[in-house]
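Here is my_file-v1.tsv, consisting of TSV, C-alpha atoms:
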chain	number	residue	atom	x	y	z
O	1	MET	CA	2.26	7.89	29.68
O	2	LYS	CA	3.63	5.19	27.39
O	3	PHE	CA	3.71	6.29	23.76
O	4	ILE	CA	2.13	3.81	21.35
O	5	ASP	CA	1.87	4.83	17.68
O	6	GLU	CA	0.89	1.58	15.91
O	7	VAL	CA	-1.80	-0.95	16.83
O	8	LYS	CA	-3.95	-3.56	15.14
O	9	ILE	CA	-7.62	-3.84	16.12
O	10	ARG	CA	-10.70	-5.83	15.14
O	11	VAL	CA	-14.09	-4.17	14.91
O	12	ALA	CA	-17.50	-5.82	14.55
O	13	ALA	CA	-20.78	-4.00	14.03
O	14	GLY	CA	-24.04	-5.32	15.45
O	15	LYS	CA	-26.49	-7.49	13.54
O	16	GLY	CA	-29.81	-5.97	12.54
O	17	GLY	CA	-32.89	-7.17	14.41
O	18	ASN	CA	-35.30	-9.55	12.68
O	19	GLY	CA	-38.67	-8.37	11.41
O	20	CYS	CA	-41.73	-9.66	13.24
O	21	VAL	CA	-44.54	-11.92	11.97
O	22	SER	CA	-47.73	-10.80	13.72
O	23	PHE	CA	-51.45	-10.22	13.00
O	24	ARG	CA	-53.97	-7.94	14.62
O	25	ARG	CA	-56.00	-9.81	17.20
O	26	GLU	CA	-58.68	-7.55	18.67
O	27	LYS	CA	-62.23	-8.01	19.83
O	28	TYR	CA	-64.65	-7.75	16.91
O	29	VAL	CA	-61.69	-7.96	14.47
O	30	PRO	CA	-61.43	-11.70	13.90
O	31	ARG	CA	-59.18	-11.46	10.87
O	32	GLY	CA	-56.96	-8.43	11.41
O	33	GLY	CA	-54.21	-7.76	8.95
O	34	PRO	CA	-50.47	-8.21	9.50
O	35	ASP	CA	-48.91	-5.81	12.01
O	36	GLY	CA	-45.36	-7.10	12.48
O	37	GLY	CA	-42.83	-4.33	13.18
O	38	ASP	CA	-39.34	-3.90	11.75
O	39	GLY	CA	-36.13	-4.92	13.46
O	40	GLY	CA	-33.72	-2.26	14.71
O	41	THR	CA	-30.48	-1.39	12.94
O	42	GLY	CA	-27.32	-2.89	14.43
O	43	GLY	CA	-24.88	-0.62	16.19
O	44	SER	CA	-21.90	0.71	14.22
O	45	VAL	CA	-18.25	1.15	15.24
O	46	VAL	CA	-17.08	4.72	14.65
O	47	ILE	CA	-13.55	6.12	14.98
O	48	GLU	CA	-13.28	9.77	16.05
O	49	ALA	CA	-10.23	12.03	16.26
O	50	THR	CA	-9.90	13.97	19.49
O	51	GLU	CA	-7.32	16.27	21.07
O	52	ARG	CA	-7.88	14.51	24.40
O	53	LYS	CA	-5.77	11.56	23.25
O	54	HIS	CA	-2.04	11.66	22.49
O	55	SER	CA	-1.24	7.98	22.06
O	56	LEU	CA	-2.86	4.72	20.91
O	57	LEU	CA	-2.15	3.16	24.30
O	58	ASP	CA	-5.86	2.46	24.90
O	59	PHE	CA	-5.81	-0.14	22.12
O	60	ARG	CA	-2.67	-1.96	23.27
O	61	TYR	CA	-4.41	-4.21	25.78
O	62	ARG	CA	-7.94	-4.21	24.37
O	63	ASN	CA	-8.13	-4.56	20.61
O	64	ILE	CA	-11.51	-6.18	19.87
O	65	PHE	CA	-14.58	-3.95	19.76
O	66	ALA	CA	-18.11	-5.16	19.03
O	67	ALA	CA	-21.25	-3.03	18.88
O	68	SER	CA	-24.59	-4.36	20.09
O	69	SER	CA	-27.23	-5.87	17.79
O	70	GLY	CA	-30.61	-4.35	17.02
O	71	ARG	CA	-33.73	-5.69	18.75
O	72	GLY	CA	-36.35	-7.64	16.84
O	73	GLY	CA	-39.64	-6.05	15.79
O	74	GLU	CA	-42.87	-6.70	17.70
O	75	GLY	CA	-46.57	-6.86	17.03
O	76	GLN	CA	-48.78	-3.80	16.70
O	77	ASN	CA	-46.22	-2.35	14.26
O	78	ARG	CA	-43.67	-1.72	16.99
O	79	ASN	CA	-40.16	-1.45	15.62
O	80	GLY	CA	-37.20	-2.88	17.50
O	81	ARG	CA	-34.68	-0.62	19.17
O	82	GLY	CA	-31.42	0.00	17.29
O	83	GLY	CA	-28.09	-1.22	18.67
O	84	GLU	CA	-25.79	1.22	20.46
O	85	ASN	CA	-22.92	2.64	18.43
O	86	ILE	CA	-19.36	2.38	19.75
O	87	VAL	CA	-17.16	5.46	19.34
O	88	LEU	CA	-13.41	4.79	19.52
O	89	GLU	CA	-11.44	7.95	20.30
O	90	VAL	CA	-8.01	8.27	18.69
O	91	PRO	CA	-5.45	11.10	18.62
O	92	VAL	CA	-5.66	13.70	15.88
O	93	GLY	CA	-3.32	12.56	13.11
O	94	THR	CA	-4.32	8.89	13.19
O	95	ILE	CA	-4.35	7.00	9.90
O	96	VAL	CA	-6.55	3.92	9.45
O	97	LYS	CA	-5.14	1.29	7.09
O	98	ASP	CA	-6.08	-2.08	5.68
O	99	PRO	CA	-3.55	-4.39	7.40
O	100	GLU	CA	-3.21	-6.67	4.36
O	101	THR	CA	-2.99	-4.22	1.47
O	102	GLY	CA	-1.68	-1.17	3.33
O	103	ASP	CA	-4.34	1.01	1.68
O	104	ILE	CA	-5.28	4.14	3.62
O	105	LEU	CA	-8.97	3.97	4.55
O	106	ALA	CA	-9.18	7.17	6.60
O	107	ASP	CA	-6.87	10.03	7.58
O	108	LEU	CA	-8.21	11.72	10.70
O	109	LYS	CA	-6.41	15.07	10.70
O	110	GLU	CA	-9.06	17.31	12.26
O	111	PRO	CA	-10.53	17.26	15.80
O	112	GLY	CA	-14.04	15.80	15.71
O	113	GLN	CA	-13.49	14.10	12.35
O	114	ARG	CA	-15.30	10.73	12.23
O	115	TRP	CA	-15.10	7.61	10.11
O	116	THR	CA	-17.41	4.59	10.25
O	117	ALA	CA	-15.14	1.59	10.64
O	118	ALA	CA	-17.94	-1.00	10.61
O	119	ALA	CA	-21.55	-0.27	9.67
O	120	GLY	CA	-24.35	-1.94	11.60
O	121	GLY	CA	-26.58	-4.46	9.85
O	122	ARG	CA	-29.92	-3.25	8.52
O	123	GLY	CA	-33.06	-4.16	10.43
O	124	GLY	CA	-35.35	-6.76	8.87
O	125	LYS	CA	-38.81	-5.71	7.68
O	126	GLY	CA	-41.87	-7.03	9.49
O	127	ASN	CA	-44.61	-8.92	7.67
O	128	ALA	CA	-46.71	-5.74	7.45
O	129	HIS	CA	-44.45	-4.71	4.55
O	130	PHE	CA	-45.25	-7.76	2.45
O	131	THR	CA	-49.00	-7.46	1.97
O	132	SER	CA	-50.32	-7.20	-1.56
O	133	SER	CA	-53.60	-7.50	-3.40
O	134	THR	CA	-52.94	-11.21	-3.92
O	135	HIS	CA	-51.21	-11.96	-0.64
O	136	ARG	CA	-53.07	-10.42	2.30
O	137	THR	CA	-51.71	-12.59	5.11
O	138	PRO	CA	-47.94	-12.97	4.67
O	139	ARG	CA	-46.57	-15.36	7.28
O	140	PHE	CA	-42.97	-14.40	6.85
O	141	ALA	CA	-40.69	-11.47	7.67
O	142	GLN	CA	-37.22	-10.38	6.72
O	143	GLU	CA	-34.18	-11.34	8.80
O	144	GLY	CA	-31.84	-8.64	10.01
O	145	GLY	CA	-28.63	-8.10	8.03
O	146	ALA	CA	-25.19	-8.97	9.37
O	147	GLY	CA	-22.99	-6.14	10.61
O	148	GLU	CA	-19.61	-5.44	9.04
O	149	GLU	CA	-16.55	-7.03	10.62
O	150	ARG	CA	-12.93	-6.27	9.76
O	151	GLU	CA	-9.37	-5.88	11.00
O	152	LEU	CA	-7.76	-2.45	10.91
O	153	ARG	CA	-4.33	-1.01	11.50
O	154	LEU	CA	-4.09	2.33	13.29
O	155	GLU	CA	-0.98	4.45	12.81
O	156	LEU	CA	-0.38	7.77	14.52
O	157	LYS	CA	1.47	10.53	12.69
O	158	LEU	CA	2.04	13.50	14.96
O	159	ILE	CA	0.82	16.82	13.62
O	160	ALA	CA	3.39	19.57	14.20
O	161	ASP	CA	4.45	22.72	12.38
O	162	VAL	CA	8.19	22.16	12.81
O	163	GLY	CA	10.19	18.93	12.95
O	164	LEU	CA	13.67	18.66	14.50
O	165	VAL	CA	15.94	16.17	12.71
O	166	GLY	CA	19.56	15.19	13.14
O	167	LEU	CA	21.96	12.55	14.35
O	168	PRO	CA	21.70	11.15	17.90
O	169	ASN	CA	23.11	13.58	20.48
O	170	ALA	CA	22.89	16.56	18.13
O	171	GLY	CA	21.05	18.42	20.89
O	172	LYS	CA	17.47	18.26	19.63
O	173	SER	CA	15.98	17.42	23.04
O	174	THR	CA	17.91	20.23	24.72
O	175	LEU	CA	16.72	22.60	22.01
O	176	ILE	CA	13.03	21.76	22.36
O	177	SER	CA	13.27	22.04	26.16
O	178	ALA	CA	14.93	25.47	25.79
O	179	ILE	CA	12.31	26.98	23.46
O	180	SER	CA	9.16	25.33	24.87
O	181	ALA	CA	7.71	23.80	28.02
O	182	ALA	CA	8.49	20.25	26.83
O	183	ARG	CA	10.73	18.31	29.20
O	184	PRO	CA	12.22	15.33	27.34
O	185	LYS	CA	14.81	13.00	28.83
O	186	ILE	CA	18.30	14.38	28.15
O	187	ALA	CA	21.60	12.51	28.57
O	188	ASP	CA	24.97	12.18	26.86
O	189	TYR	CA	24.40	8.94	24.98
O	190	PRO	CA	22.68	7.96	21.72
O	191	PHE	CA	18.93	7.35	21.60
O	192	THR	CA	18.12	9.21	24.79
O	193	THR	CA	14.92	10.16	22.97
O	194	LEU	CA	12.93	6.97	22.46
O	195	VAL	CA	9.59	8.58	21.67
O	196	PRO	CA	8.63	11.79	19.85
O	197	ASN	CA	8.25	14.90	22.00
O	198	LEU	CA	5.99	17.85	21.25
O	199	GLY	CA	6.47	21.39	22.46
O	200	VAL	CA	4.45	24.58	21.94
O	201	VAL	CA	6.55	27.65	21.07
O	202	ARG	CA	5.57	31.34	20.88
O	203	TYR	CA	7.86	34.21	19.84
O	204	ASP	CA	5.89	36.88	21.70
O	205	GLU	CA	2.35	37.63	22.87
O	206	ASP	CA	1.30	38.96	19.47
O	207	ALA	CA	2.64	36.02	17.48
O	208	PRO	CA	0.63	32.79	17.04
O	209	PRO	CA	2.08	29.73	18.78
O	210	PHE	CA	3.38	26.77	16.81
O	211	VAL	CA	4.14	23.14	17.62
O	212	VAL	CA	7.62	21.62	17.39
O	213	ALA	CA	8.25	17.85	17.24
O	214	ASP	CA	11.52	16.32	18.39
O	215	VAL	CA	11.95	12.79	17.03
O	216	PRO	CA	14.63	10.22	17.94
O	217	GLY	CA	18.00	10.70	16.24
O	218	LEU	CA	18.51	9.14	12.83
O	219	ILE	CA	21.43	6.90	11.88
O	220	GLU	CA	22.71	5.49	8.62
O	221	GLY	CA	20.11	3.13	7.15
O	222	ALA	CA	17.23	4.73	9.06
O	223	HIS	CA	15.00	4.75	5.98
O	224	GLU	CA	15.38	0.95	5.86
O	225	GLY	CA	14.58	0.49	9.54
O	226	ALA	CA	17.99	0.85	11.18
O	227	GLY	CA	17.93	2.20	14.72
O	228	LEU	CA	14.60	3.86	15.42
O	229	GLY	CA	14.36	5.23	11.88
O	230	VAL	CA	11.31	4.14	9.91
O	231	ARG	CA	9.17	3.99	13.02
O	232	PHE	CA	9.60	7.71	13.65
O	233	LEU	CA	10.36	9.21	10.24
O	234	LYS	CA	6.63	9.17	9.62
O	235	HIS	CA	6.13	11.65	12.47
O	236	ILE	CA	7.84	14.44	10.53
O	237	GLU	CA	5.92	13.83	7.29
O	238	ARG	CA	3.15	16.24	8.33
O	239	THR	CA	5.49	19.03	9.49
O	240	ARG	CA	5.76	22.16	7.36
O	241	ILE	CA	9.39	23.08	8.16
O	242	LEU	CA	12.38	20.92	9.09
O	243	VAL	CA	15.06	22.19	11.44
O	244	HIS	CA	18.23	20.21	10.76
O	245	VAL	CA	20.23	20.23	14.01
O	246	VAL	CA	23.97	19.62	13.57
O	247	ASP	CA	26.42	19.15	16.45
O	248	ILE	CA	29.19	21.56	15.48
O	249	SER	CA	31.54	20.12	18.12
O	250	SER	CA	31.65	16.71	16.41
O	251	LEU	CA	32.08	17.79	12.78
O	252	PRO	CA	34.88	15.86	11.03
O	253	ALA	CA	37.64	18.30	10.04
O	254	ASP	CA	38.07	16.74	6.59
O	255	ASP	CA	34.34	16.91	5.69
O	256	LEU	CA	32.31	19.46	7.61
O	257	LEU	CA	29.12	18.65	5.69
O	258	LYS	CA	29.21	14.88	6.25
O	259	PRO	CA	26.66	14.69	9.15
O	260	PHE	CA	24.25	16.94	7.23
O	261	ARG	CA	24.49	14.90	4.02
O	262	GLN	CA	24.00	11.67	5.95
O	263	ILE	CA	20.68	12.79	7.43
O	264	GLU	CA	19.51	14.40	4.19
O	265	PHE	CA	20.10	11.12	2.37
O	266	GLU	CA	17.96	9.26	4.90
O	267	LEU	CA	15.15	11.83	4.60
O	268	SER	CA	15.03	11.82	0.80
O	269	SER	CA	15.36	8.01	0.66
O	270	TYR	CA	12.36	7.62	2.96
O	271	SER	CA	10.20	10.15	1.10
O	272	GLN	CA	10.86	12.55	-1.75
O	273	PHE	CA	8.31	14.83	-0.11
O	274	LEU	CA	10.49	15.05	3.02
O	275	GLY	CA	13.52	15.97	0.93
O	276	GLU	CA	11.63	18.90	-0.59
O	277	LYS	CA	10.39	20.50	2.65
O	278	PRO	CA	11.70	23.95	3.61
O	279	ARG	CA	14.48	23.63	6.15
O	280	ILE	CA	16.66	25.63	8.49
O	281	ILE	CA	20.17	24.43	9.34
O	282	VAL	CA	21.09	24.92	12.98
O	283	LEU	CA	24.70	24.50	14.07
O	284	ASN	CA	24.37	23.67	17.76
O	285	LYS	CA	26.82	23.58	20.69
O	286	ILE	CA	28.85	26.61	19.55
O	287	ASP	CA	29.90	27.02	23.19
O	288	LEU	CA	32.15	23.96	22.80
O	289	VAL	CA	34.27	25.11	19.83
O	290	PRO	CA	36.56	28.09	19.08
O	291	GLU	CA	34.96	31.12	17.45
O	292	ASP	CA	37.07	30.85	14.28
O	293	PHE	CA	35.91	27.26	13.72
O	294	THR	CA	32.30	28.36	14.26
O	295	HIS	CA	32.72	30.98	11.54
O	296	GLN	CA	34.40	28.48	9.19
O	297	ALA	CA	31.63	25.88	9.63
O	298	GLY	CA	28.94	28.51	9.22
O	299	GLU	CA	30.39	29.65	5.88
O	300	HIS	CA	30.47	26.05	4.63
O	301	TYR	CA	26.82	25.44	5.50
O	302	LYS	CA	25.61	28.74	4.04
O	303	GLN	CA	26.65	27.42	0.63
O	304	LEU	CA	23.82	24.86	0.82
O	305	GLY	CA	21.21	27.57	0.21
O	306	SER	CA	19.13	27.17	3.40
O	307	PRO	CA	19.12	29.63	6.32
O	308	VAL	CA	21.94	28.84	8.77
O	309	LEU	CA	21.84	29.78	12.45
O	310	LEU	CA	24.57	29.34	15.08
O	311	ILE	CA	23.16	28.47	18.50
O	312	SER	CA	23.87	26.93	21.86
O	313	SER	CA	20.77	25.26	23.28
O	314	LEU	CA	22.50	24.71	26.62
O	315	LYS	CA	23.61	28.34	26.98
O	316	LYS	CA	20.43	29.63	25.25
O	317	LYS	CA	22.40	31.54	22.61
O	318	GLY	CA	20.74	32.35	19.30
O	319	LEU	CA	17.41	30.76	20.26
O	320	ARG	CA	15.35	33.93	19.92
O	321	ASP	CA	16.61	34.42	16.37
O	322	LEU	CA	15.63	30.82	15.57
O	323	VAL	CA	12.11	31.21	16.97
O	324	ARG	CA	11.66	34.54	15.18
O	325	LEU	CA	12.71	32.99	11.86
O	326	LEU	CA	10.36	30.03	12.31
O	327	THR	CA	7.49	32.35	13.20
O	328	SER	CA	8.15	34.44	10.09
O	329	MET	CA	8.38	31.41	7.76
O	330	LEU	CA	5.17	29.88	9.10
O	331	ALA	CA	3.36	33.21	8.73
O	332	GLU	CA	4.43	33.42	5.08
O	333	MET	CA	3.16	29.88	4.49
O	334	GLU	CA	-0.21	30.82	5.98
O	335	GLU	CA	-0.47	33.77	3.59

How does this structure look as structure tokens?
Amino acid sequence: MKFIDEVKIRVAAGKGGNGCVSFRREKYVPRGGPDGGDGGTGGSVVIEATERKHSLLDFRYRNIFAASSGRGGEGQNRNGRGGENIVLEVPVGTIVKDPETGDILADLKEPGQRWTAAAGGRGGKGNAHFTSSTHRTPRFAQEGGAGEERELRLELKLIADVGLVGLPNAGKSTLISAISAARPKIADYPFTTLVPNLGVVRYDEDAPPFVVADVPGLIEGAHEGAGLGVRFLKHIERTRILVHVVDISSLPADDLLKPFRQIEFELSSYSQFLGEKPRIIVLNKIDLVPEDFTHQAGEHYKQLGSPVLLISSLKKKGLRDLVRLLTSMLAEMEE
């Protein structure tokens, strides 16, 4: 399935039905009073978050949605039928924005959460509503109101407990495939991952599962849009823990911390909130370097103050310790 995380749509609610001008006409009632019914309310356009959807692909090729109008009122005080509502299903985590101002109109973070994108027009009142002591035969009724119409921008931010970050080819895709059932594309060149991947991870049967998101690798200038940066940085904003994956086999000998600092700069430049998230540093691909260099690099990274784990996603070394630590940290956050 193609992953689409940003779309622009236009929604239009239905017009309310007009009120009716009518008078009772029955045998032996030559001058019956007004009995015009009310018009029906126009249909509304509602956006609902659902776990059945994982992309905004449905809105890529159809982006105009109009609800039906209400029916007009009839004689004998019969009200018109209301217009049918349209419910647009979007993935959980979808944000609705004003395309011109960028203001957030709705943040649909829970399954079943709804937001009325365009309210239907009110139904017009029939002439039966306008009788008075001085005006017993009103020959007018109220017109139905216009429905709301607007353009909206939908943006999807994946909801995951853990976000994997790092340079291209750091081994994030291999890691998520090793600890979950996710099967991302894996190859030895930059930007193999072109879309975010989600995987469900569980330490053991007694531990609650958690969701891990693997986003495309970040490069210098990502927070300004370089590479695939800004488009996917937003997907780790909702995560509770960041796992910073570093390729230990490509660390420059004169500055072992350089790849880490590069990514951390991009994260904090994009959002101060991202820079403050709890993180675990994972030195990956330890199977490709001598043991003494692994120890040296590990000591350097431990000075940063975050937990440091040495792993090999390919050889599945150290992965159980990583999953156990993540499970423990998430449990503490819940408490």

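Every protein or nucleic acid residue with an atom no more than 12 Å from Arg24 (chain O), counting all atoms listed in the file and leaving out same-chain residues fewer than 2 positions away, appears here: Val21, Ser22, Glu26, Lys27, Tyr28, Val29, Pro30, Arg31, Gly32, Gly33, Pro34, Asp35, Gly36, Gly37, Glu74, Gly75, Gln76, Asn77, Asn127, Ala128 and Thr137 of chain O.
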
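When all atoms listed in the file are used to measure the gap to Arg238 (chain O), the shortest distance among O:Ser313, O:Thr94, O:Asn18, O:Asn197 belongs to O:Thr94.
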
Would you mind listing what lies within 12 Å of Ala12 (chain O) as a short mmCIF file (atom, residue, chain, number, x, y, z; two decimals) with C-alpha atoms, keeping the file's coordinate frame, with only C-alpha atoms counted and same-chain residues fewer than 6 positions away left out?
data_model
loop_
_atom_site.label_atom_id
_atom_site.label_comp_id
_atom_site.auth_asym_id
_atom_site.auth_seq_id
_atom_site.Cartn_x
_atom_site.Cartn_y
_atom_site.Cartn_z
CA GLY O 42 -27.32 -2.89 14.43
CA GLY O 43 -24.88 -0.62 16.19
CA SER O 44 -21.90 0.71 14.22
CA VAL O 45 -18.25 1.15 15.24
CA VAL O 46 -17.08 4.72 14.65
CA ASN O 63 -8.13 -4.56 20.61
CA ILE O 64 -11.51 -6.18 19.87
CA PHE O 65 -14.58 -3.95 19.76
CA ALA O 66 -18.11 -5.16 19.03
CA ALA O 67 -21.25 -3.03 18.88
CA SER O 68 -24.59 -4.36 20.09
CA SER O 69 -27.23 -5.87 17.79
CA ASN O 85 -22.92 2.64 18.43
CA ILE O 86 -19.36 2.38 19.75
CA THR O 116 -17.41 4.59 10.25
CA ALA O 117 -15.14 1.59 10.64
CA ALA O 118 -17.94 -1.00 10.61
CA ALA O 119 -21.55 -0.27 9.67
CA GLY O 120 -24.35 -1.94 11.60
CA GLY O 121 -26.58 -4.46 9.85
CA ALA O 146 -25.19 -8.97 9.37
CA GLY O 147 -22.99 -6.14 10.61
CA GLU O 148 -19.61 -5.44 9.04
CA GLU O 149 -16.55 -7.03 10.62
CA ARG O 150 -12.93 -6.27 9.76
CA GLU O 151 -9.37 -5.88 11.00
CA LEU O 152 -7.76 -2.45 10.91
#

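Here CA of Ser306 (chain O) and CA of Arg320 (chain O) stand 18.2 Å from one another.
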
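Proximity of O:Ala170, O:Leu319, O:Leu57, O:Ile281 to Ser250 (chain O), computed with all atoms listed in the file, is greatest for O:Ala170.
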
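Shortest separation to Asp5 (chain O) among O:Glu266, O:Glu48, O:Glu155, O:Glu143 occurs at residue O:Glu155, atoms counted being all atoms listed in the file.
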
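Among the candidates O:Cys20, O:Val7, O:Leu175, O:Arg153, the one nearest to Asp98 (chain O) when counting all atoms listed in the file is O:Arg153.
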
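Coordinates place CA of Lys234 (chain O) at a distance of 13.2 Å from CA of Leu154 (chain O).
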
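Between CA of Ser328 (chain O) and CA of Lys315 (chain O) the separation is 23.7 Å.
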
List as a short mmCIF file (atom, residue, chain, number, x, y, z; two decimals) with C-alpha atoms, keeping the file's coordinate frame the residues having at least one atom at most 8 Å from position (20.5, 19.1, 24.7) as given in the file, counting only C-alpha atoms.
data_model
loop_
_atom_site.label_atom_id
_atom_site.label_comp_id
_atom_site.auth_asym_id
_atom_site.auth_seq_id
_atom_site.Cartn_x
_atom_site.Cartn_y
_atom_site.Cartn_z
CA ASN O 169 23.11 13.58 20.48
CA ALA O 170 22.89 16.56 18.13
CA GLY O 171 21.05 18.42 20.89
CA LYS O 172 17.47 18.26 19.63
CA SER O 173 15.98 17.42 23.04
CA THR O 174 17.91 20.23 24.72
CA LEU O 175 16.72 22.60 22.01
CA SER O 177 13.27 22.04 26.16
CA ILE O 186 18.30 14.38 28.15
CA ALA O 187 21.60 12.51 28.57
CA SER O 313 20.77 25.26 23.28
CA LEU O 314 22.50 24.71 26.62
#

Would you place a box with edges along x, y and z of the file around all atoms of region 142-154 of chain O listed there, add 8 Å to each of its six sides, and report the centre and edge lengths in Å to one decimal, as lines of an AutoDock Vina configuration file?
center_x = -20.7
center_y = -4.5
center_z = 10.0
size_x = 49.1
size_y = 29.7
size_z = 22.6

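Take the candidates O:Ala331, O:Leu326, O:Ile248, O:Leu256 and check each one against Leu288 (chain O) using all atoms listed in the file; the shortest distance goes to O:Ile248.
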
Across O:Lys125, O:Lys317, O:Arg25, O:Lys15, the smallest distance to Ala178 (chain O), with all atoms listed in the file counted, is shown by O:Lys317

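Residues with any atom within 10 Å of Asp204 (chain O), counting all atoms listed in the file and excluding same-chain neighbours fewer than 6 positions away, are Val323, Arg324 and Thr327 of chain O.
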
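For Ala253 (chain O), the set of protein, DNA and RNA residues having any atom at most 12 Å away, when counting only C-alpha atoms and skipping those fewer than 3 positions along the same chain, is Ile248, Ser249, Ser250, Leu256, Leu257, Lys258, Pro259, Phe293, Gln296, Ala297 and His300 of chain O.
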